[in-house]
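The next block is run23.cif, given as mmCIF, C-alpha atoms.
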```cif
data_protein
loop_
_atom_site.label_atom_id
_atom_site.label_comp_id
_atom_site.auth_asym_id
_atom_site.auth_seq_id
_atom_site.Cartn_x
_atom_site.Cartn_y
_atom_site.Cartn_z
CA MET A 1300 119.77 111.38 125.46
CA ASN A 1301 118.30 109.77 128.58
CA ASN A 1302 116.75 106.47 129.46
CA LEU A 1303 113.11 107.66 129.65
CA PHE A 1304 112.81 107.51 125.87
CA ASP A 1305 114.71 106.74 122.68
CA ILE A 1306 114.42 108.70 119.47
CA ILE A 1307 113.32 106.45 116.62
CA SER A 1308 113.20 109.14 113.94
CA LYS A 1309 113.12 112.87 113.48
CA SER A 1310 112.17 115.13 110.62
CA ASN A 1311 111.73 118.77 109.78
CA THR A 1312 108.41 119.05 107.96
CA ALA A 1313 108.44 122.83 107.44
CA GLU A 1314 110.43 125.80 108.63
CA SER A 1315 110.54 125.63 112.45
CA THR A 1316 108.20 122.58 112.50
CA TYR A 1317 109.55 119.23 113.67
CA THR A 1318 108.31 115.69 114.17
CA TYR A 1319 110.02 113.18 116.44
CA VAL A 1320 108.95 109.58 116.90
CA VAL A 1321 110.02 108.26 120.30
CA LYS A 1322 109.73 105.03 122.22
CA LEU A 1323 109.21 105.18 125.98
CA ASN A 1324 111.32 102.90 128.16
CA LYS A 1325 108.76 100.86 130.11
CA GLN A 1326 111.51 99.87 132.57
CA HIS A 1327 112.34 103.47 133.60
CA LYS A 1328 112.41 103.98 137.38
CA VAL A 1329 109.74 106.70 137.27
CA PHE A 1330 107.12 104.07 136.45
CA GLU A 1331 107.89 102.14 139.65
CA GLY A 1332 106.21 104.87 141.66
CA HIS A 1333 103.90 106.53 139.13
CA PHE A 1334 101.89 104.33 139.49
CA PRO A 1335 102.71 100.71 140.44
CA GLY A 1336 100.68 98.37 138.27
CA ASN A 1337 99.25 101.27 136.23
CA PRO A 1338 102.21 103.32 134.95
CA ILE A 1339 101.67 106.76 133.44
CA VAL A 1340 104.14 109.43 132.41
CA PRO A 1341 104.20 112.22 135.02
CA GLY A 1342 103.26 115.63 133.61
CA VAL A 1343 106.66 117.10 134.36
CA MET A 1344 108.32 114.23 132.46
CA SER A 1345 106.20 114.80 129.35
CA MET A 1346 107.21 118.47 129.45
CA MET A 1347 110.83 117.39 129.90
CA MET A 1348 110.63 115.19 126.79
CA ILE A 1349 109.40 118.14 124.73
CA ARG A 1350 112.07 120.43 126.19
CA MET A 1351 114.82 117.91 125.40
CA LEU A 1352 113.66 117.56 121.79
CA VAL A 1353 113.55 121.34 121.40
CA GLU A 1354 117.12 121.44 122.73
CA ASP A 1355 118.09 118.83 120.12
CA VAL A 1356 116.80 121.16 117.41
CA ILE A 1357 118.10 124.51 118.64
CA GLY A 1358 121.41 123.20 119.96
CA ARG A 1359 121.38 124.68 123.45
CA LYS A 1360 120.05 124.01 126.93
CA THR A 1361 116.70 125.60 127.65
CA ARG A 1362 113.85 125.67 130.14
CA PHE A 1363 110.19 126.58 130.09
CA THR A 1364 109.79 130.11 131.44
CA ALA A 1365 106.01 130.20 131.01
CA VAL A 1366 103.28 127.76 130.05
CA LYS A 1367 100.34 129.50 128.40
CA ASP A 1368 98.27 126.39 127.81
CA CYS A 1369 98.77 122.74 128.72
CA LYS A 1370 96.11 120.09 128.23
CA TYR A 1371 96.34 116.39 128.87
CA LEU A 1372 93.73 114.73 126.70
CA GLN A 1373 94.51 111.19 127.81
CA PRO A 1374 97.13 109.60 130.07
CA ILE A 1375 100.50 108.98 128.44
CA VAL A 1376 101.37 105.37 129.19
CA PRO A 1377 104.50 103.39 128.37
CA SER A 1378 103.76 100.77 125.72
CA ASP A 1379 105.36 99.02 122.77
CA ASP A 1380 103.83 101.60 120.43
CA PRO A 1381 105.89 104.70 119.68
CA LEU A 1382 104.70 108.24 120.34
CA THR A 1383 104.89 111.12 117.90
CA ILE A 1384 105.87 114.53 119.20
CA ASN A 1385 105.13 117.39 116.82
CA PHE A 1386 106.31 120.88 117.64
CA ASN A 1387 107.29 124.21 116.23
CA THR A 1388 109.68 126.63 117.81
CA ASP A 1389 111.41 129.86 116.99
CA GLY A 1390 113.86 129.43 119.87
CA SER A 1391 111.73 131.41 122.30
CA ALA A 1392 108.25 129.89 121.94
CA VAL A 1393 107.12 126.27 121.71
CA ASN A 1394 103.84 124.84 120.49
CA ALA A 1395 103.79 121.05 120.82
CA GLU A 1396 101.59 117.98 120.87
CA ILE A 1397 102.10 114.34 121.76
CA VAL A 1398 100.03 111.80 119.83
CA THR A 1399 99.86 108.01 119.60
CA SER A 1400 100.96 106.12 116.50
CA GLU A 1401 97.26 106.09 115.52
CA GLY A 1402 97.08 109.87 115.78
CA VAL A 1403 95.15 110.04 119.06
CA GLY A 1404 96.02 113.25 120.90
CA LEU A 1405 97.49 112.84 124.36
CA MET A 1406 98.87 116.27 125.27
CA LYS A 1407 99.11 119.81 123.90
CA ILE A 1408 101.28 122.61 125.25
CA LYS A 1409 102.10 126.21 124.37
CA GLY A 1410 104.82 128.02 126.20
CA THR A 1411 107.91 130.17 126.14
CA ILE A 1412 111.48 129.02 126.66
CA ALA A 1413 114.76 130.65 127.55
#
```
Is it possible to express this structure as structure tokens?
Amino acid sequence: MNNLFDIISKSNTAESTYTYVVKLNKQHKVFEGHFPGNPIVPGVMSMMMIRMLVEDVIGRKTRFTAVKDCKYLQPIVPSDDPLTINFNTDGSAVNAEIVTSEGVGLMKIKGTIA
């Protein structure tokens, strides 16, 4: 998919509800500048991860056309622990969250896609 993250597993828990477990690539170039010695995932990259997983589900390229709500609860940092991305989509709306393997919330977003 890309070299920012690898998909470890994916599942469909209910109609239009999906769970992906991903592992961030700590060696990705984005972490060289964001921030040296204290890497965090840039906001646009976390949104890109969600968009790419939605594309995996719906089978077409997409983009966010509006973001109704986006909250970062804690920084998303590359580590050896995987992240879980839960989302539901009907192909035009997305409601997603990124959580740690322990279930700690990192980000929530609601938006529309085209």
*Name the residues in contact with range 1385-1387 of chain A at a cut-off of 7 Å, using only C-alpha atoms, excluding same-chain residues fewer than 3 positions from it; report them as an NGL selection string.*
:A and (1315-1319 or 1393-1397)
- prompt: Using the chain letters and numbers from the file, which residues does the PyMOL selection byres ((chain A and resi 1340) around 8) grab, as a list in words?
  reply: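 Output from the PyMOL selection byres ((chain A and resi 1340) around 8), applied to this file: Val1329, Phe1330, His1333, Pro1338, Ile1339, Pro1341, Gly1342, Met1344, Ser1345, Pro1374, Ile1375, Val1376 and Pro1377 of chain A.
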Next item on the list: Mind giving me the straight-line distance from CA of Val1353 in chain A to CA of Gly1332 in chain A in Å, one decimal?
Entry: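 Distance reported for this atom pair: 27.1 Å.
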Under the PyMOL selection byres ((chain A and resi 1373) around 8), which residues of this model are included? Write them out as a list of chain:residue names.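 Given this file, the PyMOL selection byres ((chain A and resi 1373) around 8) evaluates to A:Tyr1371, A:Leu1372, A:Pro1374, A:Ile1375, A:Gly1404, A:Leu1405, A:Met1406.
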Could you write those residues out with C-alpha atoms, as a short mmCIF file (atom, residue, chain, number, x, y, z; two decimals), in the frame of the given file?
```
data_model
loop_
_atom_site.label_atom_id
_atom_site.label_comp_id
_atom_site.auth_asym_id
_atom_site.auth_seq_id
_atom_site.Cartn_x
_atom_site.Cartn_y
_atom_site.Cartn_z
CA TYR A 1371 96.34 116.39 128.87
CA LEU A 1372 93.73 114.73 126.70
CA PRO A 1374 97.13 109.60 130.07
CA ILE A 1375 100.50 108.98 128.44
CA GLY A 1404 96.02 113.25 120.90
CA LEU A 1405 97.49 112.84 124.36
CA MET A 1406 98.87 116.27 125.27
#
```
Original post:
Applied to this file, what does the PyMOL selection byres ((chain A and resi 1323) around 9) return in terms of residues, put as a VMD selection string?
Top reply: chain A and resid 1302 to 1305 1321 to 1322 1324 to 1327 1376 to 1382
- Query: Using only C-alpha atoms, which residue out of A:Thr1411, A:Asn1301, A:Thr1388, A:Ser1310 lies closest to Asp1368 in chain A?
  - Reply: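 Ranking A:Thr1411, A:Asn1301, A:Thr1388, A:Ser1310 by distance to Asp1368 in chain A, first place goes to A:Thr1411.
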message = Taking 6 positions as the minimum chain separation for residues in the same chain, which residues sit within 8 Å of Cys1369 in chain A when counting all atoms listed in the file? Answer as a ChimeraX atom specification.
response = /A:1406-1409
Atom pair CA of Glu1401 in chain A + CA of Ile1357 in chain A, distance 28.0 Å
If I wrap all listed atoms of range 1316-1325 of chain A in a box with edges along x, y and z and add 3 Å on each side, what are its centre and edge lengths in Å to one decimal, as JSON?
```
{"center_x": 109.8, "center_y": 111.7, "center_z": 121.3, "size_x": 9.1, "size_y": 27.7, "size_z": 23.6}
```
- Message: I'd like the interatomic distance between CA of Ile1307 in chain A and CA of Lys1360 in chain A, to a tenth of an Å.
- Response: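 Distance between the two atoms: 21.4 Å.
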Nearest to Thr1399 in chain A, chosen from A:Ile1384, A:Arg1362, A:Ile1412, A:Met1348, with all atoms listed in the file counted in the distances
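Among the listed residues, the smallest separation from Thr1399 in chain A belongs to A:Ile1384.
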If you count only C-alpha atoms, the residue of A:Lys1328, A:Phe1334, A:Thr1383, A:Thr1361 closest to Ile1306 in chain A turns out to be A:Thr1383
